[in-house]
file start_16.cif (mmCIF, C-alpha atoms and all ligand atoms)
data_final
loop_
_atom_site.label_atom_id
_atom_site.label_comp_id
_atom_site.auth_asym_id
_atom_site.auth_seq_id
_atom_site.Cartn_x
_atom_site.Cartn_y
_atom_site.Cartn_z
CA MET A 27 0.00 0.00 0.00
CA ALA A 28 1.02 3.59 -0.68
CA GLU A 29 1.94 6.12 2.02
CA PRO A 30 -1.15 7.52 3.79
CA VAL A 31 -2.48 10.85 2.58
CA ARG A 32 -3.49 13.28 5.31
CA VAL A 33 -6.78 14.87 4.34
CA CYS A 34 -8.59 17.60 6.22
CA ILE A 35 -12.35 18.10 5.84
CA THR A 36 -13.77 21.17 7.56
CA GLY A 37 -17.45 21.42 8.40
CA ALA A 38 -17.26 17.66 8.77
CA ALA A 39 -20.29 17.54 11.06
CA GLY A 40 -22.45 19.30 8.45
CA GLN A 41 -24.60 18.09 5.59
CA ILE A 42 -21.96 17.94 2.87
CA GLY A 43 -19.47 16.57 5.39
CA TYR A 44 -21.71 13.59 6.07
CA SER A 45 -21.45 12.41 2.45
CA LEU A 46 -17.93 13.67 1.81
CA VAL A 47 -16.25 11.91 4.72
CA TYR A 48 -17.66 8.62 3.48
CA MET A 49 -16.69 9.21 -0.15
CA VAL A 50 -13.11 10.19 0.69
CA GLY A 51 -12.86 7.28 3.12
CA SER A 52 -14.06 4.86 0.47
CA GLY A 53 -11.10 5.64 -1.81
CA ALA A 54 -13.04 7.66 -4.40
CA VAL A 55 -10.49 10.47 -4.51
CA PHE A 56 -7.01 9.23 -3.72
CA GLY A 57 -7.51 5.72 -5.03
CA PRO A 58 -8.55 2.41 -3.48
CA ASP A 59 -4.96 1.51 -2.59
CA THR A 60 -4.10 4.76 -0.83
CA PRO A 61 -4.76 4.91 2.91
CA VAL A 62 -6.15 8.18 4.25
CA ILE A 63 -5.85 9.82 7.64
CA LEU A 64 -8.93 11.98 8.01
CA HIS A 65 -8.56 15.21 10.01
CA LEU A 66 -12.13 16.35 10.67
CA LEU A 67 -12.67 19.93 11.80
CA ASP A 68 -15.84 21.52 13.07
CA ILE A 69 -16.69 24.08 15.73
CA ALA A 70 -16.82 23.21 19.45
CA PRO A 71 -20.65 22.95 19.76
CA MET A 72 -20.63 20.32 16.99
CA MET A 73 -18.10 17.96 18.59
CA SER A 74 -20.71 15.48 19.76
CA VAL A 75 -22.22 15.31 16.25
CA LEU A 76 -18.74 14.93 14.80
CA ASN A 77 -18.01 12.07 17.16
CA GLY A 78 -21.17 10.41 15.87
CA VAL A 79 -19.91 10.78 12.28
CA CYS A 80 -16.63 9.17 13.37
CA MET A 81 -18.52 6.29 14.98
CA GLU A 82 -20.31 5.70 11.69
CA ILE A 83 -17.13 5.89 9.63
CA SER A 84 -15.55 3.32 11.95
CA ASP A 85 -18.63 1.15 11.54
CA CYS A 86 -18.27 1.36 7.74
CA ALA A 87 -15.01 -0.60 8.18
CA LEU A 88 -13.46 1.18 5.21
CA PRO A 89 -10.13 -0.37 4.20
CA CYS A 90 -8.66 3.01 3.20
CA VAL A 91 -9.31 4.78 6.49
CA ARG A 92 -6.11 4.51 8.54
CA ASP A 93 -7.05 7.00 11.26
CA LEU A 94 -9.71 9.57 12.22
CA ILE A 95 -8.84 12.81 13.98
CA PRO A 96 -11.96 14.78 15.00
CA THR A 97 -11.13 18.22 16.38
CA ASP A 98 -12.21 21.81 16.86
CA ASN A 99 -8.60 23.01 16.79
CA PRO A 100 -7.32 24.26 13.40
CA GLU A 101 -3.72 23.42 14.38
CA VAL A 102 -4.62 19.76 14.82
CA ALA A 103 -6.84 19.82 11.74
CA PHE A 104 -4.20 21.27 9.41
CA LYS A 105 -1.04 19.71 10.85
CA ASP A 106 1.03 18.22 8.01
CA ILE A 107 -1.95 17.74 5.72
CA ASP A 108 -1.62 16.96 2.01
CA ALA A 109 -5.14 17.97 0.95
CA ALA A 110 -7.93 20.09 2.38
CA PHE A 111 -11.61 20.27 1.62
CA LEU A 112 -12.73 23.56 3.17
CA VAL A 113 -16.48 23.06 3.47
CA GLY A 114 -17.27 24.57 6.87
CA ALA A 115 -18.90 27.98 6.66
CA MET A 116 -21.65 29.91 8.32
CA PRO A 117 -25.08 29.33 6.79
CA ARG A 118 -27.25 32.29 5.85
CA LYS A 119 -29.53 33.22 8.73
CA GLU A 120 -32.90 34.85 8.41
CA GLY A 121 -32.69 38.58 7.77
CA MET A 122 -28.98 38.37 6.96
CA GLU A 123 -27.85 40.42 3.97
CA ARG A 124 -25.55 38.83 1.39
CA LYS A 125 -22.83 41.28 2.42
CA ASP A 126 -23.07 40.28 6.10
CA LEU A 127 -22.79 36.62 5.17
CA LEU A 128 -19.79 37.34 2.98
CA ALA A 129 -18.12 39.29 5.78
CA ALA A 130 -18.72 36.50 8.32
CA ASN A 131 -17.47 33.79 6.00
CA VAL A 132 -14.39 35.47 4.62
CA LYS A 133 -13.21 35.98 8.20
CA ILE A 134 -13.41 32.21 8.75
CA PHE A 135 -11.28 31.71 5.63
CA LYS A 136 -8.80 34.35 6.73
CA VAL A 137 -8.24 32.47 10.01
CA GLN A 138 -8.02 29.14 8.20
CA GLY A 139 -5.56 30.58 5.67
CA GLU A 140 -3.33 31.71 8.54
CA ALA A 141 -3.56 28.27 10.14
CA LEU A 142 -2.82 26.46 6.86
CA ASP A 143 0.19 28.72 6.43
CA LYS A 144 1.56 27.68 9.81
CA PHE A 145 0.70 24.00 10.00
CA ALA A 146 0.00 22.40 6.60
CA LYS A 147 2.56 21.00 4.18
CA LYS A 148 3.60 23.63 1.62
CA SER A 149 2.47 21.24 -1.10
CA VAL A 150 -1.08 21.06 0.32
CA LYS A 151 -3.90 21.27 -2.24
CA VAL A 152 -6.78 23.31 -0.89
CA LEU A 153 -10.28 23.09 -2.33
CA VAL A 154 -12.75 25.68 -1.09
CA VAL A 155 -16.40 24.61 -1.14
CA GLY A 156 -17.93 26.89 1.53
CA ASN A 157 -19.66 29.89 0.00
CA PRO A 158 -18.91 32.40 -1.41
CA ALA A 159 -16.43 29.75 -2.62
CA ASN A 160 -14.40 31.78 -5.13
CA THR A 161 -13.87 34.74 -2.82
CA ASN A 162 -13.27 32.58 0.25
CA ALA A 163 -10.54 30.78 -1.71
CA LEU A 164 -8.96 34.08 -2.65
CA ILE A 165 -8.91 35.25 0.97
CA CYS A 166 -7.63 31.90 2.23
CA ALA A 167 -4.71 32.02 -0.22
CA LYS A 168 -3.97 35.66 0.62
CA TYR A 169 -3.50 34.77 4.30
CA ALA A 170 -1.35 31.71 3.53
CA PRO A 171 1.50 33.43 1.68
CA SER A 172 3.99 30.59 2.18
CA ILE A 173 1.81 28.18 0.19
CA PRO A 174 1.86 28.65 -3.61
CA ARG A 175 -1.36 30.34 -4.62
CA GLU A 176 -1.82 27.82 -7.45
CA ASN A 177 -2.52 25.26 -4.70
CA PHE A 178 -5.86 26.95 -3.93
CA SER A 179 -8.99 26.40 -5.98
CA ALA A 180 -12.73 26.95 -5.62
CA MET A 181 -15.46 24.51 -6.50
CA THR A 182 -17.59 25.00 -9.60
CA ARG A 183 -17.60 21.28 -10.39
CA LEU A 184 -21.13 20.88 -9.08
CA ASP A 185 -22.26 23.42 -11.67
CA GLN A 186 -20.32 21.53 -14.34
CA ASN A 187 -21.89 18.22 -13.29
CA ARG A 188 -25.36 19.79 -13.24
CA ALA A 189 -24.85 21.21 -16.73
CA GLN A 190 -23.55 17.90 -18.05
CA ALA A 191 -26.54 16.06 -16.60
CA GLN A 192 -29.00 18.53 -18.15
CA ILE A 193 -27.50 18.07 -21.63
CA ALA A 194 -27.28 14.27 -21.29
CA GLN A 195 -30.93 14.09 -20.25
CA ARG A 196 -32.00 16.34 -23.10
CA LEU A 197 -30.16 14.13 -25.61
CA GLY A 198 -31.09 10.86 -23.89
CA ILE A 199 -27.45 9.75 -23.65
CA PRO A 200 -25.24 8.69 -20.74
CA VAL A 201 -23.70 11.55 -18.83
CA THR A 202 -20.21 10.25 -19.70
CA ASP A 203 -20.94 10.90 -23.38
CA VAL A 204 -21.08 14.67 -22.78
CA LYS A 205 -17.66 16.33 -22.60
CA ASN A 206 -16.08 19.70 -21.99
CA ILE A 207 -18.92 21.87 -20.79
CA ILE A 208 -17.36 24.94 -19.19
CA ILE A 209 -18.41 26.93 -16.16
CA TRP A 210 -16.96 30.41 -16.34
CA GLY A 211 -16.69 32.83 -13.44
CA ASN A 212 -18.30 32.80 -10.04
CA HIS A 213 -20.12 29.94 -8.28
CA SER A 214 -23.24 32.10 -8.09
CA SER A 215 -26.18 33.00 -10.26
CA THR A 216 -23.85 35.02 -12.54
CA GLN A 217 -21.88 31.91 -13.54
CA PHE A 218 -21.84 31.17 -17.25
CA PRO A 219 -22.43 27.51 -18.16
CA ASP A 220 -21.09 27.34 -21.71
CA VAL A 221 -21.69 24.48 -24.14
CA ARG A 222 -20.16 26.20 -27.17
CA HIS A 223 -17.00 24.04 -26.95
CA ALA A 224 -18.67 20.87 -25.65
CA SER A 225 -19.15 17.61 -27.51
CA ALA A 226 -21.61 14.73 -27.24
CA THR A 227 -21.53 11.19 -28.56
CA VAL A 228 -24.88 10.49 -30.20
CA ASN A 229 -25.49 7.21 -32.06
CA GLY A 230 -21.79 6.49 -31.94
CA GLN A 231 -20.88 9.82 -33.56
CA LYS A 232 -19.03 12.61 -31.77
CA VAL A 233 -20.74 15.91 -32.54
CA SER A 234 -20.81 19.36 -30.98
CA VAL A 235 -23.52 19.84 -28.37
CA TYR A 236 -24.79 22.77 -30.43
CA ASP A 237 -25.26 20.52 -33.48
CA ALA A 238 -26.79 17.75 -31.39
CA ILE A 239 -29.36 19.96 -29.66
CA LYS A 240 -30.06 22.36 -32.51
CA ASP A 241 -31.87 24.81 -30.28
CA ASP A 242 -29.99 28.05 -29.82
CA SER A 243 -32.69 29.68 -27.72
CA TYR A 244 -32.66 26.76 -25.23
CA LEU A 245 -28.87 26.72 -24.97
CA LYS A 246 -28.70 30.48 -24.49
CA GLY A 247 -31.82 30.63 -22.32
CA ASP A 248 -33.42 27.89 -20.22
CA PHE A 249 -30.32 25.73 -20.12
CA ILE A 250 -28.25 28.51 -18.57
CA THR A 251 -30.88 29.60 -16.06
CA THR A 252 -31.65 25.99 -15.05
CA VAL A 253 -28.00 25.43 -14.14
CA GLN A 254 -27.68 28.83 -12.47
CA LYS A 255 -30.78 28.23 -10.34
CA ARG A 256 -30.38 24.50 -9.69
CA GLY A 257 -29.20 25.03 -6.11
CA GLY A 258 -32.39 26.92 -5.29
CA ALA A 259 -34.52 24.28 -7.01
CA VAL A 260 -32.96 21.54 -4.87
CA ILE A 261 -33.63 23.56 -1.71
CA ALA A 262 -37.25 24.07 -2.76
CA ALA A 263 -37.70 20.33 -3.32
CA ARG A 264 -35.61 18.84 -0.52
CA ARG A 265 -35.99 21.64 2.01
CA LEU A 266 -32.25 21.32 2.43
CA SER A 267 -29.43 22.47 0.17
CA SER A 268 -27.50 20.18 -2.18
CA ALA A 269 -25.27 17.93 -0.13
CA MET A 270 -24.73 14.51 -1.76
CA SER A 271 -24.14 16.12 -5.16
CA ALA A 272 -21.89 18.78 -3.63
CA ALA A 273 -19.81 16.10 -1.90
CA LYS A 274 -19.56 14.11 -5.15
CA ALA A 275 -18.46 17.23 -7.02
CA ALA A 276 -15.84 18.00 -4.35
CA CYS A 277 -14.48 14.46 -4.82
CA ASP A 278 -14.46 14.85 -8.61
CA HIS A 279 -12.58 18.15 -8.27
CA MET A 280 -9.90 16.81 -5.91
CA LYS A 281 -9.58 13.60 -7.94
CA SER A 282 -8.91 15.69 -11.05
CA ILE A 283 -6.14 17.50 -9.16
CA TRP A 284 -4.66 14.33 -7.72
CA GLN A 285 -4.92 12.08 -10.73
CA GLY A 286 -4.94 14.61 -13.61
CA THR A 287 -7.36 15.05 -16.50
CA SER A 288 -7.48 12.63 -19.39
CA GLU A 289 -6.35 13.48 -22.93
CA GLY A 290 -8.72 15.95 -24.59
CA GLN A 291 -10.77 16.46 -21.42
CA TYR A 292 -11.02 19.67 -19.47
CA VAL A 293 -12.74 20.47 -16.21
CA SER A 294 -13.84 23.72 -14.62
CA MET A 295 -12.54 25.14 -11.37
CA GLY A 296 -12.07 28.51 -9.77
CA VAL A 297 -8.37 29.42 -9.96
CA PHE A 298 -6.41 32.65 -9.83
CA SER A 299 -6.95 34.58 -13.03
CA ASP A 300 -3.82 35.57 -14.92
CA GLY A 301 -5.92 37.86 -17.09
CA SER A 302 -6.73 35.11 -19.63
CA TYR A 303 -9.91 35.68 -21.66
CA ASN A 304 -9.88 39.35 -20.60
CA THR A 305 -10.78 38.45 -17.03
CA PRO A 306 -9.57 40.59 -14.11
CA GLU A 307 -6.21 39.38 -12.92
CA GLY A 308 -6.09 38.10 -9.35
CA VAL A 309 -9.72 37.12 -8.78
CA MET A 310 -10.61 33.43 -8.41
CA PHE A 311 -12.35 32.85 -11.71
CA SER A 312 -13.69 29.52 -12.91
CA PHE A 313 -11.92 28.50 -16.12
CA PRO A 314 -11.61 25.32 -18.15
CA VAL A 315 -8.36 23.69 -17.06
CA THR A 316 -6.31 20.61 -17.80
CA ILE A 317 -4.28 19.07 -15.00
CA LYS A 318 -1.00 17.16 -15.05
CA ASP A 319 1.31 16.29 -12.15
CA LYS A 320 -1.14 18.09 -9.81
CA LYS A 321 -0.68 21.38 -11.71
CA TRP A 322 -3.50 23.04 -13.62
CA SER A 323 -3.25 25.05 -16.82
CA ILE A 324 -6.02 27.20 -18.26
CA VAL A 325 -7.21 25.92 -21.65
CA MET A 326 -6.28 28.72 -24.03
CA GLY A 327 -7.46 29.82 -27.43
CA LEU A 328 -11.17 29.04 -27.20
CA PRO A 329 -13.11 31.52 -29.33
CA ILE A 330 -15.38 33.80 -27.28
CA ASP A 331 -18.28 35.42 -29.14
CA ASP A 332 -20.12 38.60 -28.08
CA PHE A 333 -22.79 36.66 -26.19
CA ALA A 334 -20.16 34.79 -24.17
CA GLN A 335 -18.08 37.93 -23.61
CA GLY A 336 -21.11 39.67 -22.09
CA LYS A 337 -21.60 36.75 -19.68
CA LEU A 338 -17.91 36.67 -18.75
CA ASP A 339 -17.93 40.40 -18.07
CA ALA A 340 -20.99 40.17 -15.80
CA THR A 341 -19.57 37.40 -13.63
CA ALA A 342 -16.15 39.11 -13.55
CA LYS A 343 -17.77 42.32 -12.30
CA GLU A 344 -19.45 40.43 -9.46
CA LEU A 345 -16.18 38.73 -8.50
CA CYS A 346 -14.38 42.09 -8.35
CA GLU A 347 -17.11 43.50 -6.10
CA GLU A 348 -16.94 40.44 -3.83
CA ARG A 349 -13.15 40.69 -3.67
CA ASP A 350 -13.30 44.35 -2.63
CA ASP A 351 -15.97 43.66 0.03
CA ALA A 352 -13.99 40.68 1.32
CA ILE A 353 -10.72 42.56 1.62
CA ALA A 354 -12.52 45.37 3.45
CA ALA A 355 -14.22 42.87 5.80
CA CYS A 356 -10.87 41.24 6.66
CA GLN A 357 -9.42 44.61 7.66
CA ASN A 358 -12.21 45.33 10.17
P1 LIG B 401 -24.03 22.85 6.96
O1 LIG B 401 -24.51 24.08 7.66
O2 LIG B 401 -24.83 21.60 7.02
O3 LIG B 401 -22.58 22.48 7.51
C1 LIG B 401 -21.58 23.42 7.70
C2 LIG B 401 -20.72 22.93 8.83
O4 LIG B 401 -19.62 23.84 8.94
C3 LIG B 401 -21.43 22.91 10.19
O5 LIG B 401 -21.24 21.66 10.82
C4 LIG B 401 -20.76 24.05 10.94
O6 LIG B 401 -20.70 23.81 12.33
C5 LIG B 401 -19.37 24.01 10.31
N1 LIG B 401 -18.60 25.24 10.51
C6 LIG B 401 -19.03 26.52 10.62
N2 LIG B 401 -18.00 27.34 10.86
C7 LIG B 401 -16.90 26.58 10.90
C8 LIG B 401 -15.52 26.85 11.14
N3 LIG B 401 -15.09 28.09 11.37
N4 LIG B 401 -14.64 25.81 11.10
C9 LIG B 401 -15.07 24.55 10.88
N5 LIG B 401 -16.36 24.23 10.67
C10 LIG B 401 -17.26 25.23 10.68
O7 LIG B 401 -23.74 23.30 5.46
P2 LIG B 401 -23.49 22.39 4.17
O8 LIG B 401 -24.78 22.13 3.51
O9 LIG B 401 -22.62 21.25 4.53
O10 LIG B 401 -22.71 23.45 3.24
C11 LIG B 401 -21.43 23.90 3.59
C12 LIG B 401 -21.01 25.06 2.70
O11 LIG B 401 -20.88 24.62 1.36
C13 LIG B 401 -22.00 26.23 2.66
O12 LIG B 401 -21.26 27.43 2.68
C14 LIG B 401 -22.67 26.06 1.33
O13 LIG B 401 -23.17 27.29 0.84
C15 LIG B 401 -21.51 25.55 0.49
N6 LIG B 401 -21.86 24.88 -0.76
C16 LIG B 401 -21.05 25.12 -1.84
C17 LIG B 401 -21.30 24.52 -3.04
C18 LIG B 401 -20.42 24.80 -4.23
O14 LIG B 401 -20.78 24.32 -5.31
N7 LIG B 401 -19.31 25.50 -4.14
C19 LIG B 401 -22.42 23.61 -3.21
C20 LIG B 401 -23.20 23.40 -2.01
C21 LIG B 401 -22.91 24.03 -0.84
#
call {"tool": "encode", "arguments": {"input": "start_16.cif", "output": "structure tokens"}}
result
Amino acid sequence: MAEPVRVCITGAAGQIGYSLVYMVGSGAVFGPDTPVILHLLDIAPMMSVLNGVCMEISDCALPCVRDLIPTDNPEVAFKDIDAAFLVGAMPRKEGMERKDLLAANVKIFKVQGEALDKFAKKSVKVLVVGNPANTNALICAKYAPSIPRENFSAMTRLDQNRAQAQIAQRLGIPVTDVKNIIIWGNHSSTQFPDVRHASATVNGQKVSVYDAIKDDSYLKGDFITTVQKRGGAVIAARRLSSAMSAAKAACDHMKSIWQGTSEGQYVSMGVFSDGSYNTPEGVMFSFPVTIKDKKWSIVMGLPIDDFAQGKLDATAKELCEERDDAIAACQN
């Protein structure tokens, strides 16, 4: 067996945590032959719940799980870790403005950035799931200056998976036969799910999604809004926010980092913009990326038409506003 990978999951006593701890423990991310030591962080009032999660993980008798470390102490949670899923965040409370929620959450990610800086391995890969994911990731990286900022990313994989599932259902094909849908920008309602560069295998033939669907008004209209509003639709139906699908997407994201993307495949994730595609440098923008040796590269040279450019500009504007609010909140 390989050396154990130390993996931290924050918010481990929460909804997403409940699915995610199991999925990571079952070998879905780091491989079935790689043992994992799970560092599980939550806040002090949740320790009894977290202990219950640990009891269940023990009872799953998962061959990959070498050890479980439940804690409310960030030093213990981040000590020598190789990978982090930062899920824990404050949920929106009644009457809370978006700005107040952002301020509360970015402060959590400031503190966790400082703790990662002190205690984690410098090679740690940090995936931020807790919302506002892109801006939290930016703040976390800013306060962990000794860790390369390329090691931080924000999750838009759930949006990618949702988009892929919508197209597969529309075409009546398996989800694996839809490739290279892109999520651009923020994990919010301004995100741009883009099928212009995507392909589908229909009746054994690889065709562009545009040619397969042949419905421009759907692809530029309902398709985009369905993906943008899917989180709200799940809440309306389940009376709880997406959790199983969010955990699966977090696993897909980290697996892509750990194991790389396959030839010709790209995936979307929020990473630091270098100004590619006329996006504002320094915000955490979701781009199509390929990954090799745990390093991502933005897929370059995709043509962007006026419709797409308008969408990219709108989500970029929101990310700049969030960044400015977040930096101000961290200085208070
Ligand atoms: P939840 O409320 O069920 O669980 C959150 C957990 O985080 C709780 O156990 C809470 O005690 C813990 N927590 C709060 N502050 C913490 C801190 N400072 N350190 C460690 N743990 C802390 O929420 P759920 O449903 O698990 O969602 C978690 C986050 O993920 C939310 O911010 C949600 O908006 C976000 N999310 C992001 C998605 C994405 O696609 N990027 C998709 C779905 C959810």
call {"tool": "closest_residue", "arguments": {"input": "start_16.cif", "among": "A:Cys80, A:Ala269, A:Leu64, A:Ala340", "to": "ligand LIG 401 (chain B)", "atoms": "only C-alpha atoms and all ligand atoms"}}
result
A:Ala269
call {"tool": "closest_residue", "arguments": {"input": "start_16.cif", "among": "A:Gly257, A:Gly308, A:Gly286, A:Gly211", "to": "ligand LIG 401 (chain B)", "atoms": "all atoms listed in the file"}}
result
A:Gly257
call {"tool": "residues_near_ligand", "arguments": {"input": "start_16.cif", "ligand": "ligand LIG 401 (chain B)", "cutoff": "8 Å", "atoms": "only C-alpha atoms and all ligand atoms", "output": "JSON, numbers by chain"}}
result
{"A": [36, 37, 38, 39, 40, 41, 42, 43, 44, 67, 68, 69, 71, 72, 98, 100, 113, 114, 115, 116, 117, 134, 135, 138, 154, 155, 156, 157, 158, 159, 180, 181, 182, 183, 184, 185, 213, 257, 266, 267, 268, 269, 271, 272, 275]}
call {"tool": "write_last_selection", "arguments": {"input": "start_16.cif", "atoms": "C-alpha atoms", "output": "PDB file, in the frame of the given file"}}
result
ATOM      1  CA  THR A  36     -13.770  21.170   7.560  1.00  0.00           C
ATOM      2  CA  GLY A  37     -17.450  21.420   8.400  1.00  0.00           C
ATOM      3  CA  ALA A  38     -17.260  17.660   8.770  1.00  0.00           C
ATOM      4  CA  ALA A  39     -20.290  17.540  11.060  1.00  0.00           C
ATOM      5  CA  GLY A  40     -22.450  19.300   8.450  1.00  0.00           C
ATOM      6  CA  GLN A  41     -24.600  18.090   5.590  1.00  0.00           C
ATOM      7  CA  ILE A  42     -21.960  17.940   2.870  1.00  0.00           C
ATOM      8  CA  GLY A  43     -19.470  16.570   5.390  1.00  0.00           C
ATOM      9  CA  TYR A  44     -21.710  13.590   6.070  1.00  0.00           C
ATOM     10  CA  LEU A  67     -12.670  19.930  11.800  1.00  0.00           C
ATOM     11  CA  ASP A  68     -15.840  21.520  13.070  1.00  0.00           C
ATOM     12  CA  ILE A  69     -16.690  24.080  15.730  1.00  0.00           C
ATOM     13  CA  PRO A  71     -20.650  22.950  19.760  1.00  0.00           C
ATOM     14  CA  MET A  72     -20.630  20.320  16.990  1.00  0.00           C
ATOM     15  CA  ASP A  98     -12.210  21.810  16.860  1.00  0.00           C
ATOM     16  CA  PRO A 100      -7.320  24.260  13.400  1.00  0.00           C
ATOM     17  CA  VAL A 113     -16.480  23.060   3.470  1.00  0.00           C
ATOM     18  CA  GLY A 114     -17.270  24.570   6.870  1.00  0.00           C
ATOM     19  CA  ALA A 115     -18.900  27.980   6.660  1.00  0.00           C
ATOM     20  CA  MET A 116     -21.650  29.910   8.320  1.00  0.00           C
ATOM     21  CA  PRO A 117     -25.080  29.330   6.790  1.00  0.00           C
ATOM     22  CA  ILE A 134     -13.410  32.210   8.750  1.00  0.00           C
ATOM     23  CA  PHE A 135     -11.280  31.710   5.630  1.00  0.00           C
ATOM     24  CA  GLN A 138      -8.020  29.140   8.200  1.00  0.00           C
ATOM     25  CA  VAL A 154     -12.750  25.680  -1.090  1.00  0.00           C
ATOM     26  CA  VAL A 155     -16.400  24.610  -1.140  1.00  0.00           C
ATOM     27  CA  GLY A 156     -17.930  26.890   1.530  1.00  0.00           C
ATOM     28  CA  ASN A 157     -19.660  29.890   0.000  1.00  0.00           C
ATOM     29  CA  PRO A 158     -18.910  32.400  -1.410  1.00  0.00           C
ATOM     30  CA  ALA A 159     -16.430  29.750  -2.620  1.00  0.00           C
ATOM     31  CA  ALA A 180     -12.730  26.950  -5.620  1.00  0.00           C
ATOM     32  CA  MET A 181     -15.460  24.510  -6.500  1.00  0.00           C
ATOM     33  CA  THR A 182     -17.590  25.000  -9.600  1.00  0.00           C
ATOM     34  CA  ARG A 183     -17.600  21.280 -10.390  1.00  0.00           C
ATOM     35  CA  LEU A 184     -21.130  20.880  -9.080  1.00  0.00           C
ATOM     36  CA  ASP A 185     -22.260  23.420 -11.670  1.00  0.00           C
ATOM     37  CA  HIS A 213     -20.120  29.940  -8.280  1.00  0.00           C
ATOM     38  CA  GLY A 257     -29.200  25.030  -6.110  1.00  0.00           C
ATOM     39  CA  LEU A 266     -32.250  21.320   2.430  1.00  0.00           C
ATOM     40  CA  SER A 267     -29.430  22.470   0.170  1.00  0.00           C
ATOM     41  CA  SER A 268     -27.500  20.180  -2.180  1.00  0.00           C
ATOM     42  CA  ALA A 269     -25.270  17.930  -0.130  1.00  0.00           C
ATOM     43  CA  SER A 271     -24.140  16.120  -5.160  1.00  0.00           C
ATOM     44  CA  ALA A 272     -21.890  18.780  -3.630  1.00  0.00           C
ATOM     45  CA  ALA A 275     -18.460  17.230  -7.020  1.00  0.00           C
TER      46      ALA A 275
END
call {"tool": "closest_residue", "arguments": {"input": "start_16.cif", "among": "A:Leu94, A:Cys277, A:Ile324, A:Val31", "to": "A:Val293", "atoms": "all atoms listed in the file"}}
result
A:Ile324
call {"tool": "closest_residue", "arguments": {"input": "start_16.cif", "among": "A:Asn77, A:Gln254, A:Asn131, A:Tyr236", "to": "A:Arg118", "atoms": "all atoms listed in the file"}}
result
A:Asn131
call {"tool": "closest_residue", "arguments": {"input": "start_16.cif", "among": "A:Met270, A:Leu128, A:Ile107, A:Met310", "to": "A:Ile63", "atoms": "only C-alpha atoms"}}
result
A:Ile107
call {"tool": "residues_around", "arguments": {"input": "start_16.cif", "residues": "A:Ile209", "least_positions_apart": "3", "cutoff": "12 Å", "atoms": "all atoms listed in the file", "output": "mmCIF file with C-alpha atoms, in the coordinates of the input"}}
result
data_model
loop_
_atom_site.group_PDB
_atom_site.id
_atom_site.type_symbol
_atom_site.label_atom_id
_atom_site.label_comp_id
_atom_site.auth_asym_id
_atom_site.auth_seq_id
_atom_site.Cartn_x
_atom_site.Cartn_y
_atom_site.Cartn_z
ATOM 1 C CA ALA A 180 -12.730 26.950 -5.620
ATOM 2 C CA MET A 181 -15.460 24.510 -6.500
ATOM 3 C CA THR A 182 -17.590 25.000 -9.600
ATOM 4 C CA ARG A 183 -17.600 21.280 -10.390
ATOM 5 C CA LEU A 184 -21.130 20.880 -9.080
ATOM 6 C CA ASP A 185 -22.260 23.420 -11.670
ATOM 7 C CA GLN A 186 -20.320 21.530 -14.340
ATOM 8 C CA ASN A 187 -21.890 18.220 -13.290
ATOM 9 C CA ARG A 188 -25.360 19.790 -13.240
ATOM 10 C CA ALA A 189 -24.850 21.210 -16.730
ATOM 11 C CA GLN A 190 -23.550 17.900 -18.050
ATOM 12 C CA ASN A 206 -16.080 19.700 -21.990
ATOM 13 C CA ASN A 212 -18.300 32.800 -10.040
ATOM 14 C CA HIS A 213 -20.120 29.940 -8.280
ATOM 15 C CA SER A 214 -23.240 32.100 -8.090
ATOM 16 C CA SER A 215 -26.180 33.000 -10.260
ATOM 17 C CA THR A 216 -23.850 35.020 -12.540
ATOM 18 C CA GLN A 217 -21.880 31.910 -13.540
ATOM 19 C CA PHE A 218 -21.840 31.170 -17.250
ATOM 20 C CA PRO A 219 -22.430 27.510 -18.160
ATOM 21 C CA ASP A 220 -21.090 27.340 -21.710
ATOM 22 C CA VAL A 221 -21.690 24.480 -24.140
ATOM 23 C CA ARG A 222 -20.160 26.200 -27.170
ATOM 24 C CA HIS A 223 -17.000 24.040 -26.950
ATOM 25 C CA ALA A 224 -18.670 20.870 -25.650
ATOM 26 C CA ILE A 250 -28.250 28.510 -18.570
ATOM 27 C CA VAL A 253 -28.000 25.430 -14.140
ATOM 28 C CA GLN A 254 -27.680 28.830 -12.470
ATOM 29 C CA TYR A 292 -11.020 19.670 -19.470
ATOM 30 C CA VAL A 293 -12.740 20.470 -16.210
ATOM 31 C CA SER A 294 -13.840 23.720 -14.620
ATOM 32 C CA MET A 295 -12.540 25.140 -11.370
ATOM 33 C CA GLY A 296 -12.070 28.510 -9.770
ATOM 34 C CA PHE A 311 -12.350 32.850 -11.710
ATOM 35 C CA SER A 312 -13.690 29.520 -12.910
ATOM 36 C CA PHE A 313 -11.920 28.500 -16.120
ATOM 37 C CA PRO A 314 -11.610 25.320 -18.150
ATOM 38 C CA VAL A 315 -8.360 23.690 -17.060
ATOM 39 C CA ALA A 334 -20.160 34.790 -24.170
ATOM 40 C CA LYS A 337 -21.600 36.750 -19.680
ATOM 41 C CA LEU A 338 -17.910 36.670 -18.750
ATOM 42 C CA THR A 341 -19.570 37.400 -13.630
#
call {"tool": "atom_distance", "arguments": {"input": "start_16.cif", "atom1": "atom CA of A:Lys168", "atom2": "atom CA of A:Asn99"}}
result
21.0 Å
call {"tool": "closest_residue", "arguments": {"input": "start_16.cif", "among": "A:Val33, A:Leu66, A:Ala103, A:Ala141", "to": "A:Val79", "atoms": "all atoms listed in the file"}}
result
A:Leu66
call {"tool": "atom_distance", "arguments": {"input": "start_16.cif", "atom1": "atom CA of A:Tyr303", "atom2": "atom CA of A:Pro329"}}
result
9.3 Å
call {"tool": "residues_near_point", "arguments": {"input": "start_16.cif", "point": "(-2.3, 28.3, -19.7)", "cutoff": "9 Å", "atoms": "all atoms listed in the file", "output": "JSON, numbers by chain"}}
result
{"A": [300, 302, 315, 316, 322, 323, 324, 325, 326]}
